[in-house]
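Below is one structure, written out as structure tokens, with a few remarks after it.
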Amino acid sequence: MNAVATIRFPQRELAKSPTERPLYEVVDGIQVAKQPMSALSGQIASRLSRRLGVFVEGRHLGEVVQEVLFDLPAPVKRQRRPDVAYVSYERWPADRPIPDADPWPVVPDMTVEVLSPNDLHREVVTKIGEYFRAGVRLVWVIEPTIAQIYVYASPTDNRILTPGQVLDGGEVLPGFSIAVSEVLLQSNPVQ
């Protein structure tokens with residue numbers, strides 16, 4: 001596994017449009033490069049984002065986004081970029097414009113991290129703790145390599161799902177469900 005490099009981006013990188021800039025998070029005031037997702041992890045994140053988006057939009061519950069930088073307030077005081085996130089209209093009203101620049105100053109209701117080969121265990125565990133301290137209510141960690149999904153209701157309350165089981169939105173997204181095998185791209189559902 002590759003360690004995540006801590007870097008400060010040169011002004012020329014920061015002057016680029018958001019789609020041209022390298023992805024980063026802010027930890028202890030320092031921009032830390034976020035390694036890109038693997039193709040498989042990206043595909044999983046995209047599929048899950050689409051499915052969550054259809055569910056959330058159809059019920060007018062909030063917004064589902066991918067790789068958006070969120071400003072996590074004290075006590076965390078960091079900016080994190082989950083692979084997928086859900087923000088309810090209770091936390092960010094539907095009529096309030098979403099900022100056009102990073103970071104989005106709201107704590108998501110739910111975050112999803114889809115692991116890639118370059119993700120380090122200690123960094124993922126650190127993020128889980130930060131998310132909950134900031135007020136995130138549900139975290140899913142998807143591990144495609146070993147075909148498991150870790151569902152965290154708190155940093156210490158979690159369950160592990162495997163193919164043959166169903167992932168659901170719990171109290172955060174009641175009524176949402178998807179087969180674990182579909183999330184892990186182990187079947188070819190009709191689109």
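Starting from 1 in every chain, residues are counted up; chains themselves are A, B, ... following the order of the structure tokens, and ligands are numbered from 1 as listed.
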Those of segment 33-169 of chain A in DSSP alpha helix (DSSP H), formatted as an NGL selection string: :A and (39-58 or 121-134)
Since we have the selection now, will you write its residues out, keeping C-alpha atoms, as a PDB file, in the first residue's frame?
```pdb
ATOM      1  CA  ALA A  39     -11.568   1.704 -11.328  1.00  0.00           C
ATOM      2  CA  LEU A  40     -13.552  -0.897  -9.373  1.00  0.00           C
ATOM      3  CA  SER A  41     -13.975   1.362  -6.340  1.00  0.00           C
ATOM      4  CA  GLY A  42     -15.022   4.230  -8.605  1.00  0.00           C
ATOM      5  CA  GLN A  43     -17.607   2.065 -10.320  1.00  0.00           C
ATOM      6  CA  ILE A  44     -18.986   0.903  -6.962  1.00  0.00           C
ATOM      7  CA  ALA A  45     -19.174   4.497  -5.681  1.00  0.00           C
ATOM      8  CA  SER A  46     -20.918   5.621  -8.884  1.00  0.00           C
ATOM      9  CA  ARG A  47     -23.487   2.829  -8.784  1.00  0.00           C
ATOM     10  CA  LEU A  48     -24.237   3.384  -5.112  1.00  0.00           C
ATOM     11  CA  SER A  49     -24.453   7.140  -5.627  1.00  0.00           C
ATOM     12  CA  ARG A  50     -26.972   6.665  -8.461  1.00  0.00           C
ATOM     13  CA  ARG A  51     -29.128   4.275  -6.440  1.00  0.00           C
ATOM     14  CA  LEU A  52     -29.058   6.500  -3.347  1.00  0.00           C
ATOM     15  CA  GLY A  53     -29.734   9.573  -5.489  1.00  0.00           C
ATOM     16  CA  VAL A  54     -32.834   8.078  -7.104  1.00  0.00           C
ATOM     17  CA  PHE A  55     -34.161   7.063  -3.675  1.00  0.00           C
ATOM     18  CA  VAL A  56     -33.439  10.417  -2.020  1.00  0.00           C
ATOM     19  CA  GLU A  57     -34.649  12.593  -4.914  1.00  0.00           C
ATOM     20  CA  GLY A  58     -37.830  10.569  -5.354  1.00  0.00           C
ATOM     21  CA  HIS A 121      -6.574   0.940   7.577  1.00  0.00           C
ATOM     22  CA  ARG A 122      -5.547   3.491  10.220  1.00  0.00           C
ATOM     23  CA  GLU A 123      -6.642   6.379   7.986  1.00  0.00           C
ATOM     24  CA  VAL A 124     -10.054   4.839   7.349  1.00  0.00           C
ATOM     25  CA  VAL A 125     -10.570   4.175  11.074  1.00  0.00           C
ATOM     26  CA  THR A 126      -9.519   7.762  11.827  1.00  0.00           C
ATOM     27  CA  LYS A 127     -12.060   9.088   9.320  1.00  0.00           C
ATOM     28  CA  ILE A 128     -14.844   6.967  10.809  1.00  0.00           C
ATOM     29  CA  GLY A 129     -14.189   8.477  14.243  1.00  0.00           C
ATOM     30  CA  GLU A 130     -14.014  11.994  12.816  1.00  0.00           C
ATOM     31  CA  TYR A 131     -17.259  11.579  10.918  1.00  0.00           C
ATOM     32  CA  PHE A 132     -19.142  10.563  14.057  1.00  0.00           C
ATOM     33  CA  ARG A 133     -17.549  13.263  16.250  1.00  0.00           C
ATOM     34  CA  ALA A 134     -18.652  15.832  13.640  1.00  0.00           C
TER      35      ALA A 134
END
```
When you look at segment 86-100 of chain A with a cut-off of 8 Å (counting only C-alpha atoms), what residues show up, excluding the ones that are within fewer than 3 positions of it in the same chain? I need them as an NGL selection string. :A and (61-65 or 103-104 or 106-111)
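The closest residue to Val151 of chain A, picked from A:Leu120, A:Gly29, A:Ala101, A:Glu113 and counting only C-alpha atoms, is A:Glu113.
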